[in-house]
$ cat my_file36.pdb   # PDB, C-alpha atoms
ATOM      1  CA  TYR A   1     -32.475 -31.302   4.073
ATOM      2  CA  PHE A   2     -33.248 -28.406   1.808
ATOM      3  CA  GLY A   3     -35.528 -25.400   1.676
ATOM      4  CA  ALA A   4     -37.784 -25.645  -1.356
ATOM      5  CA  THR A   5     -39.287 -22.165  -1.167
ATOM      6  CA  ALA A   6     -37.941 -18.659  -0.573
ATOM      7  CA  GLY A   7     -38.773 -17.231   2.848
ATOM      8  CA  ALA A   8     -39.082 -20.682   4.460
ATOM      9  CA  SER A   9     -38.844 -20.779   8.243
ATOM     10  CA  THR A  10     -37.400 -24.325   8.384
ATOM     11  CA  CYS A  11     -35.571 -26.861   6.245
ATOM     12  CA  ASP A  12     -37.842 -29.805   6.809
ATOM     13  CA  THR A  13     -37.826 -31.622   3.470
ATOM     14  CA  PRO A  14     -35.311 -34.478   3.594
ATOM     15  CA  CYS A  15     -33.519 -35.628   0.479
ATOM     16  CA  GLU A  16     -34.584 -39.149  -0.491
ATOM     17  CA  PRO A  17     -32.152 -42.099  -0.492
ATOM     18  CA  GLY A  18     -29.986 -41.904  -3.603
ATOM     19  CA  THR A  19     -29.840 -38.119  -3.378
ATOM     20  CA  PHE A  20     -28.050 -35.524  -1.229
ATOM     21  CA  SER A  21     -28.047 -31.806  -0.558
ATOM     22  CA  LEU A  22     -25.114 -29.614   0.405
ATOM     23  CA  GLU A  23     -25.623 -26.906   3.004
ATOM     24  CA  GLY A  24     -27.569 -23.920   1.663
ATOM     25  CA  ARG A  25     -29.017 -25.740  -1.359
ATOM     26  CA  HIS A  26     -32.622 -25.489  -2.474
ATOM     27  CA  ALA A  27     -32.837 -28.932  -4.109
ATOM     28  CA  CYS A  28     -31.450 -32.451  -3.843
ATOM     29  CA  ASP A  29     -28.942 -33.820  -6.333
ATOM     30  CA  GLU A  30     -28.627 -37.454  -7.394
ATOM     31  CA  CYS A  31     -25.591 -39.360  -6.228
ATOM     32  CA  ARG A  32     -23.147 -39.761  -9.102
ATOM     33  CA  ALA A  33     -22.153 -43.189 -10.427
ATOM     34  CA  GLY A  34     -19.776 -44.950  -8.006
ATOM     35  CA  THR A  35     -21.555 -43.491  -4.953
ATOM     36  CA  TYR A  36     -24.818 -44.015  -3.032
ATOM     37  CA  THR A  37     -26.923 -42.988  -0.039
ATOM     38  CA  ASP A  38     -29.250 -45.448   1.633
ATOM     39  CA  GLN A  39     -30.886 -43.002   4.072
ATOM     40  CA  GLN A  40     -32.903 -39.793   3.876
ATOM     41  CA  GLY A  41     -31.423 -36.382   4.586
ATOM     42  CA  GLN A  42     -27.790 -36.996   3.705
ATOM     43  CA  PRO A  43     -25.336 -34.112   3.088
ATOM     44  CA  ARG A  44     -23.133 -36.266   0.822
ATOM     45  CA  CYS A  45     -23.041 -39.606  -0.971
ATOM     46  CA  GLN A  46     -20.782 -42.438   0.153
ATOM     47  CA  PRO A  47     -18.341 -44.069  -2.291
ATOM     48  CA  CYS A  48     -18.872 -47.740  -3.063
ATOM     49  CA  GLU A  49     -16.451 -49.849  -1.039
ATOM     50  CA  ARG A  50     -13.666 -51.945  -2.551
ATOM     51  CA  GLY A  51     -15.017 -54.962  -4.424
ATOM     52  CA  HIS A  52     -18.282 -53.148  -5.214
ATOM     53  CA  TYR A  53     -19.473 -50.748  -7.890
ATOM     54  CA  GLN A  54     -22.416 -48.668  -9.045
ATOM     55  CA  ASN A  55     -22.761 -47.592 -12.685
ATOM     56  CA  GLU A  56     -26.011 -45.636 -12.282
ATOM     57  CA  THR A  57     -26.777 -42.256 -10.720
ATOM     58  CA  GLY A  58     -29.189 -41.873  -7.807
ATOM     59  CA  ALA A  59     -28.252 -45.237  -6.301
ATOM     60  CA  THR A  60     -29.294 -46.446  -2.859
ATOM     61  CA  SER A  61     -26.718 -49.279  -2.760
ATOM     62  CA  CYS A  62     -23.698 -50.684  -4.546
ATOM     63  CA  VAL A  63     -23.341 -54.003  -6.342
ATOM     64  CA  ALA A  64     -20.737 -56.668  -5.508
ATOM     65  CA  CYS A  65     -18.223 -57.417  -8.253
ATOM     66  CA  PRO A  66     -19.272 -60.694  -9.939
ATOM     67  CA  LEU A  67     -17.281 -63.919 -10.078
ATOM     68  CA  GLY A  68     -14.121 -63.513 -12.176
ATOM     69  CA  GLN A  69     -13.893 -59.764 -11.497
ATOM     70  CA  ALA A  70     -12.592 -57.464  -8.754
ATOM     71  CA  ARG A  71     -12.051 -53.774  -7.985
ATOM     72  CA  ARG A  72      -9.369 -52.304  -5.696
ATOM     73  CA  GLU A  73     -10.532 -48.690  -5.604
ATOM     74  CA  THR A  74     -13.498 -47.221  -3.767
ATOM     75  CA  GLY A  75     -16.098 -45.270  -5.736
ATOM     76  CA  ALA A  76     -15.941 -47.594  -8.753
ATOM     77  CA  THR A  77     -18.385 -47.539 -11.651
ATOM     78  CA  GLY A  78     -17.439 -51.057 -12.773
ATOM     79  CA  CYS A  79     -15.223 -54.049 -12.001
ATOM     80  CA  GLU A  80     -12.276 -55.464 -13.941
ATOM     81  CA  ASP A  81     -11.709 -59.011 -15.205
ATOM     82  CA  CYS A  82      -9.083 -61.000 -13.341
ATOM     83  CA  ASP A  83      -5.753 -61.236 -15.193
ATOM     84  CA  LEU A  84      -4.196 -64.433 -16.522
ATOM     85  CA  GLY A  85      -3.079 -66.691 -13.673
ATOM     86  CA  THR A  86      -5.603 -65.202 -11.222
ATOM     87  CA  TYR A  87      -9.243 -65.777 -10.302
ATOM     88  CA  ALA A  88     -12.137 -64.441  -8.223
ATOM     89  CA  GLY A  89     -14.132 -67.361  -6.854
ATOM     90  CA  THR A  90     -16.466 -65.268  -4.708
ATOM     91  CA  GLU A  91     -18.401 -62.086  -5.365
ATOM     92  CA  GLY A  92     -17.280 -58.742  -3.933
ATOM     93  CA  LEU A  93     -13.504 -59.219  -4.055
ATOM     94  CA  ALA A  94     -11.220 -56.197  -4.064
ATOM     95  CA  GLU A  95      -8.353 -58.179  -5.631
ATOM     96  CA  CYS A  96      -8.126 -61.330  -7.711
ATOM     97  CA  VAL A  97      -6.305 -64.278  -6.142
ATOM     98  CA  LEU A  98      -3.223 -65.980  -7.625
ATOM     99  CA  CYS A  99      -3.783 -69.552  -8.786
ATOM    100  CA  GLU A 100      -1.991 -72.035  -6.537
ATOM    101  CA  ALA A 101       1.016 -73.986  -7.782
ATOM    102  CA  GLY A 102      -0.272 -76.954  -9.796
ATOM    103  CA  ARG A 103      -3.176 -74.867 -11.135
ATOM    104  CA  PHE A 104      -3.553 -72.268 -13.886
ATOM    105  CA  ALA A 105      -5.938 -69.737 -15.458
ATOM    106  CA  ASN A 106      -5.249 -69.213 -19.170
ATOM    107  CA  GLY A 107      -7.994 -66.650 -19.767
ATOM    108  CA  THR A 108      -9.074 -63.383 -18.178
ATOM    109  CA  GLY A 109     -12.123 -63.252 -15.929
ATOM    110  CA  ALA A 110     -11.608 -66.690 -14.371
ATOM    111  CA  SER A 111     -13.752 -67.720 -11.404
ATOM    112  CA  VAL A 112     -11.705 -70.899 -10.797
ATOM    113  CA  CYS A 113      -8.233 -72.134 -11.643
ATOM    114  CA  ASP A 114      -7.922 -75.311 -13.669
ATOM    115  CA  ARG A 115      -5.793 -78.240 -12.506
ATOM    116  CA  CYS A 116      -2.680 -79.171 -14.454
ATOM    117  CA  ALA A 117      -3.256 -82.434 -16.330
ATOM    118  CA  PRO A 118      -1.097 -85.545 -15.888
ATOM    119  CA  GLY A 119       2.208 -85.017 -17.698
ATOM    120  CA  SER A 120       2.282 -81.301 -16.839
ATOM    121  CA  PHE A 121       3.008 -79.026 -13.881
ATOM    122  CA  ALA A 122       2.888 -75.424 -12.642
ATOM    123  CA  ALA A 123       5.840 -74.776 -10.339
ATOM    124  CA  ALA A 124       4.743 -71.374  -9.012
ATOM    125  CA  ARG A 125       1.592 -69.470  -8.092
ATOM    126  CA  GLY A 126      -0.144 -67.214 -10.620
ATOM    127  CA  LEU A 127       0.727 -69.031 -13.846
ATOM    128  CA  PRO A 128      -1.405 -68.841 -16.999
ATOM    129  CA  THR A 129      -0.399 -72.312 -18.253
ATOM    130  CA  CYS A 130       1.121 -75.580 -17.133
ATOM    131  CA  ASP A 131       4.459 -76.732 -18.529
ATOM    132  CA  PRO A 132       4.916 -80.236 -19.920
ATOM    133  CA  CYS A 133       7.177 -82.636 -18.056
ATOM    134  CA  THR A 134      10.645 -82.635 -19.595
ATOM    135  CA  LEU A 135      12.480 -85.648 -21.018
ATOM    136  CA  GLY A 136      13.380 -88.128 -18.279
ATOM    137  CA  THR A 137      10.532 -86.984 -15.984
ATOM    138  CA  ALA A 138       6.827 -87.756 -15.623
ATOM    139  CA  THR A 139       3.762 -87.318 -13.426
ATOM    140  CA  GLY A 140       0.538 -89.277 -13.614
ATOM    141  CA  GLU A 141      -1.292 -87.060 -11.140
ATOM    142  CA  LEU A 142      -3.407 -83.930 -11.547
ATOM    143  CA  GLU A 143      -2.415 -80.581 -10.046
ATOM    144  CA  GLN A 144       1.329 -81.135  -9.710
ATOM    145  CA  GLU A 145       4.000 -78.561  -8.832
ATOM    146  CA  ARG A 146       6.781 -80.604 -10.446
ATOM    147  CA  CYS A 147       7.453 -83.757 -12.402
ATOM    148  CA  THR A 148       9.349 -86.676 -10.892
ATOM    149  CA  PRO A 149      12.626 -87.896 -12.446
ATOM    150  CA  CYS A 150      12.426 -91.448 -13.726
ATOM    151  CA  SER A 151      14.133 -94.029 -11.483
ATOM    152  CA  LYS A 152      17.121 -96.095 -12.609
ATOM    153  CA  GLY A 153      15.964 -98.715 -15.068
ATOM    154  CA  TRP A 154      13.104 -96.489 -16.234
ATOM    155  CA  TYR A 155      12.955 -93.747 -18.893
ATOM    156  CA  GLN A 156      10.713 -91.153 -20.568
ATOM    157  CA  ASN A 157      11.668 -90.106 -24.094
ATOM    158  CA  THR A 158       8.844 -87.641 -24.778
ATOM    159  CA  THR A 159       7.871 -84.350 -23.176
ATOM    160  CA  GLY A 160       4.589 -84.293 -21.289
ATOM    161  CA  GLY A 161       4.929 -87.899 -20.139
ATOM    162  CA  ASP A 162       2.524 -89.134 -17.505
ATOM    163  CA  GLU A 163       4.534 -92.250 -16.625
ATOM    164  CA  CYS A 164       8.059 -93.564 -16.956
ATOM    165  CA  ARG A 165       8.681 -96.635 -19.083
ATOM    166  CA  TYR A 166      10.604 -99.735 -18.029
ATOM    167  CA  CYS A 167      13.840-100.491 -19.864
ATOM    168  CA  GLY A 168      13.529-103.829 -21.650
ATOM    169  CA  GLY A 169      15.953-106.719 -21.324
ATOM    170  CA  GLY A 170      19.439-105.927 -22.601
ATOM    171  CA  TYR A 171      19.054-102.160 -21.985
ATOM    172  CA  TYR A 172      19.656 -99.848 -19.041
ATOM    173  CA  THR A 173      19.572 -96.132 -18.203
ATOM    174  CA  ALA A 174      22.912 -94.387 -17.908
ATOM    175  CA  ASP A 175      23.491 -92.034 -14.997
ATOM    176  CA  ILE A 176      22.815 -88.410 -15.909
ATOM    177  CA  THR A 177      25.571 -86.063 -14.798
TER     178      THR A 177
END
$ encode --input "my_file36.pdb" --output "structure tokens"
Amino acid sequence: YFGATAGASTCDTPCEPGTFSLEGRHACDECRAGTYTDQQGQPRCQPCERGHYQNETGATSCVACPLGQARRETGATGCEDCDLGTYAGTEGLAECVLCEAGRFANGTGASVCDRCAPGSFAAARGLPTCDPCTLGTATGELEQERCTPCSKGWYQNTTGGDECRYCGGGYYTADIT
């Protein structure tokens, strides 16, 4: 509340939502960016909570961070894109989530993590790419954490193989030591 005129006997004019008035003031001020008030007669503005922002002054609410973005701090004026290997699949997140093993995010601002293709894997969480299967290993499945070594009598002589090949007649695989 504020007193708009000198010699007033009461302070009966409430500040509107989106504005505030400190004690002893004669006018209301707009909430600064990153803050808001949603009620009349407030002595201060509230900071936007984590995962939300407000980039305008005089706000009556804050906006949830969109998909692919997050914000850890309160009182934010914007959100930040998720880093490589992370994603934000729902609005209003305070922190981006690490991609699971077998998945990756190779760009910033991801809202989903992609699945590793057959012949590739992601062994840990939070990776920006999948690695190809090494010589002597393969995987024909999507979203793998590792490639499987070829069994005796089978081989894979290229990287990124999605299946092991059978040794033809007159050939065999030597034990790897």
$ atom_distance --input "my_file36.pdb" --atom1 "CA of Phe121 in chain A" --atom2 "CA of Thr90 in chain A"
25.5 Å
$ atom_distance --input "my_file36.pdb" --atom1 "CA of Cys130 in chain A" --atom2 "CA of Thr86 in chain A"
13.7 Å
$ axis_aligned_box --input "my_file36.pdb" --around "range 108-115 of chain A" --padding-each-side "5 Å" --output "AutoDock Vina command-line options"
--center_x -9.8 --center_y -70.7 --center_z -14.5 --size_x 18.0 --size_y 25.0 --size_z 17.4
$ closest_residue --input "my_file36.pdb" --among "A:Glu95, A:Lys152, A:Gly119, A:Asp114" --to "Ala138 in chain A" --atoms "only C-alpha atoms"
A:Gly119
$ atom_distance --input "my_file36.pdb" --atom1 "CA of Ser151 in chain A" --atom2 "CA of Arg165 in chain A"
9.7 Å
$ closest_residue --input "my_file36.pdb" --among "A:Ala110, A:Cys62, A:Leu93, A:Ala105" --to "Asp81 in chain A" --atoms "only C-alpha atoms"
A:Ala110
$ resolve_selection --input "my_file36.pdb" --expression "the PyMOL selection byres ((chain A and resi 100-103) around 12)" --output "PyMOL selection string"
chain A and resi 84-87+97-99+104-106+112-132+139+141-147
$ residues_around --input "my_file36.pdb" --residues "range 41-45 of chain A" --least-positions-apart "4" --cutoff "8 Å" --atoms "all atoms listed in the file" --output "PyMOL selection string"
chain A and resi 1+14-23+31+35-37
$ resolve_selection --input "my_file36.pdb" --expression "the PyMOL selection byres ((chain A and resi 74-76) around 6)" --output "ChimeraX atom specification"
/A:34-35,47-50,53,73,77-78
$ closest_residue --input "my_file36.pdb" --among "A:Leu135, A:Glu163, A:Gly107, A:Gly92" --to "Arg72 in chain A" --atoms "all atoms listed in the file"
A:Gly92
$ residues_around --input "my_file36.pdb" --residues "Cys150 in chain A" --least-positions-apart "4" --cutoff "6 Å" --atoms "all atoms listed in the file" --output "JSON, numbers by chain"
{"A": [136, 137, 154, 155, 164]}
$ resolve_selection --input "my_file36.pdb" --expression "the PyMOL selection byres ((chain A and resi 64) around 6)" --output "JSON, numbers by chain"
{"A": [52, 63, 65, 91, 92]}
$ residues_around --input "my_file36.pdb" --residues "Gly89 in chain A" --least-positions-apart "6" --cutoff "7 Å" --atoms "all atoms listed in the file" --output "list in words"
Leu67, Gly68, Ser111 and Val112 of chain A
$ decode --input "my_file36.pdb" --residues "range 57-114 of chain A" --atoms "C-alpha atoms" --output "PDB file, in the first residue's frame"
ATOM      1  CA  THR A  57       9.241  -6.159 -15.747  1.00  0.00           C
ATOM      2  CA  GLY A  58       5.907  -5.851 -13.948  1.00  0.00           C
ATOM      3  CA  ALA A  59       5.190  -9.580 -14.175  1.00  0.00           C
ATOM      4  CA  THR A  60       2.389 -11.373 -12.348  1.00  0.00           C
ATOM      5  CA  SER A  61       3.856 -14.862 -12.932  1.00  0.00           C
ATOM      6  CA  CYS A  62       6.930 -16.684 -14.164  1.00  0.00           C
ATOM      7  CA  VAL A  63       7.296 -18.928 -17.196  1.00  0.00           C
ATOM      8  CA  ALA A  64       8.478 -22.558 -17.096  1.00  0.00           C
ATOM      9  CA  CYS A  65      11.733 -23.271 -18.916  1.00  0.00           C
ATOM     10  CA  PRO A  66      10.864 -24.914 -22.268  1.00  0.00           C
ATOM     11  CA  LEU A  67      11.854 -28.387 -23.423  1.00  0.00           C
ATOM     12  CA  GLY A  68      15.624 -28.661 -23.935  1.00  0.00           C
ATOM     13  CA  GLN A  69      16.385 -25.910 -21.401  1.00  0.00           C
ATOM     14  CA  ALA A  70      16.735 -25.567 -17.623  1.00  0.00           C
ATOM     15  CA  ARG A  71      17.704 -23.032 -14.952  1.00  0.00           C
ATOM     16  CA  ARG A  72      19.244 -23.808 -11.543  1.00  0.00           C
ATOM     17  CA  GLU A  73      19.070 -20.354  -9.974  1.00  0.00           C
ATOM     18  CA  THR A  74      16.033 -18.522  -8.652  1.00  0.00           C
ATOM     19  CA  GLY A  75      15.223 -15.073 -10.029  1.00  0.00           C
ATOM     20  CA  ALA A  76      16.235 -15.969 -13.593  1.00  0.00           C
ATOM     21  CA  THR A  77      15.548 -13.816 -16.637  1.00  0.00           C
ATOM     22  CA  GLY A  78      16.046 -16.725 -19.051  1.00  0.00           C
ATOM     23  CA  CYS A  79      16.851 -20.434 -19.286  1.00  0.00           C
ATOM     24  CA  GLU A  80      19.934 -22.175 -20.668  1.00  0.00           C
ATOM     25  CA  ASP A  81      20.172 -24.893 -23.326  1.00  0.00           C
ATOM     26  CA  CYS A  82      21.045 -28.346 -22.046  1.00  0.00           C
ATOM     27  CA  ASP A  83      24.691 -29.312 -22.637  1.00  0.00           C
ATOM     28  CA  LEU A  84      25.882 -32.145 -24.866  1.00  0.00           C
ATOM     29  CA  GLY A  85      24.945 -35.524 -23.393  1.00  0.00           C
ATOM     30  CA  THR A  86      21.996 -34.089 -21.433  1.00  0.00           C
ATOM     31  CA  TYR A  87      18.337 -33.320 -22.100  1.00  0.00           C
ATOM     32  CA  ALA A  88      15.214 -31.716 -20.630  1.00  0.00           C
ATOM     33  CA  GLY A  89      12.181 -33.759 -21.634  1.00  0.00           C
ATOM     34  CA  THR A  90       9.682 -31.797 -19.553  1.00  0.00           C
ATOM     35  CA  GLU A  91       9.106 -28.094 -19.042  1.00  0.00           C
ATOM     36  CA  GLY A  92      10.172 -26.337 -15.838  1.00  0.00           C
ATOM     37  CA  LEU A  93      13.320 -28.321 -15.027  1.00  0.00           C
ATOM     38  CA  ALA A  94      15.977 -26.811 -12.790  1.00  0.00           C
ATOM     39  CA  GLU A  95      18.681 -29.122 -14.189  1.00  0.00           C
ATOM     40  CA  CYS A  96      19.111 -31.070 -17.403  1.00  0.00           C
ATOM     41  CA  VAL A  97      19.214 -34.860 -17.096  1.00  0.00           C
ATOM     42  CA  LEU A  98      22.127 -37.062 -18.217  1.00  0.00           C
ATOM     43  CA  CYS A  99      21.355 -39.350 -21.148  1.00  0.00           C
ATOM     44  CA  GLU A 100      21.221 -42.989 -20.066  1.00  0.00           C
ATOM     45  CA  ALA A 101      23.898 -45.451 -21.147  1.00  0.00           C
ATOM     46  CA  GLY A 102      23.056 -46.615 -24.677  1.00  0.00           C
ATOM     47  CA  ARG A 103      21.722 -43.150 -25.570  1.00  0.00           C
ATOM     48  CA  PHE A 104      23.321 -39.846 -26.564  1.00  0.00           C
ATOM     49  CA  ALA A 105      22.643 -36.155 -27.258  1.00  0.00           C
ATOM     50  CA  ASN A 106      25.110 -34.678 -29.761  1.00  0.00           C
ATOM     51  CA  GLY A 107      23.672 -31.157 -29.766  1.00  0.00           C
ATOM     52  CA  THR A 108      22.778 -28.567 -27.147  1.00  0.00           C
ATOM     53  CA  GLY A 109      19.158 -27.953 -26.205  1.00  0.00           C
ATOM     54  CA  ALA A 110      18.042 -31.578 -26.556  1.00  0.00           C
ATOM     55  CA  SER A 111      14.573 -32.574 -25.356  1.00  0.00           C
ATOM     56  CA  VAL A 112      15.268 -36.304 -25.871  1.00  0.00           C
ATOM     57  CA  CYS A 113      18.320 -38.521 -26.123  1.00  0.00           C
ATOM     58  CA  ASP A 114      18.791 -40.546 -29.281  1.00  0.00           C
TER      59      ASP A 114
END
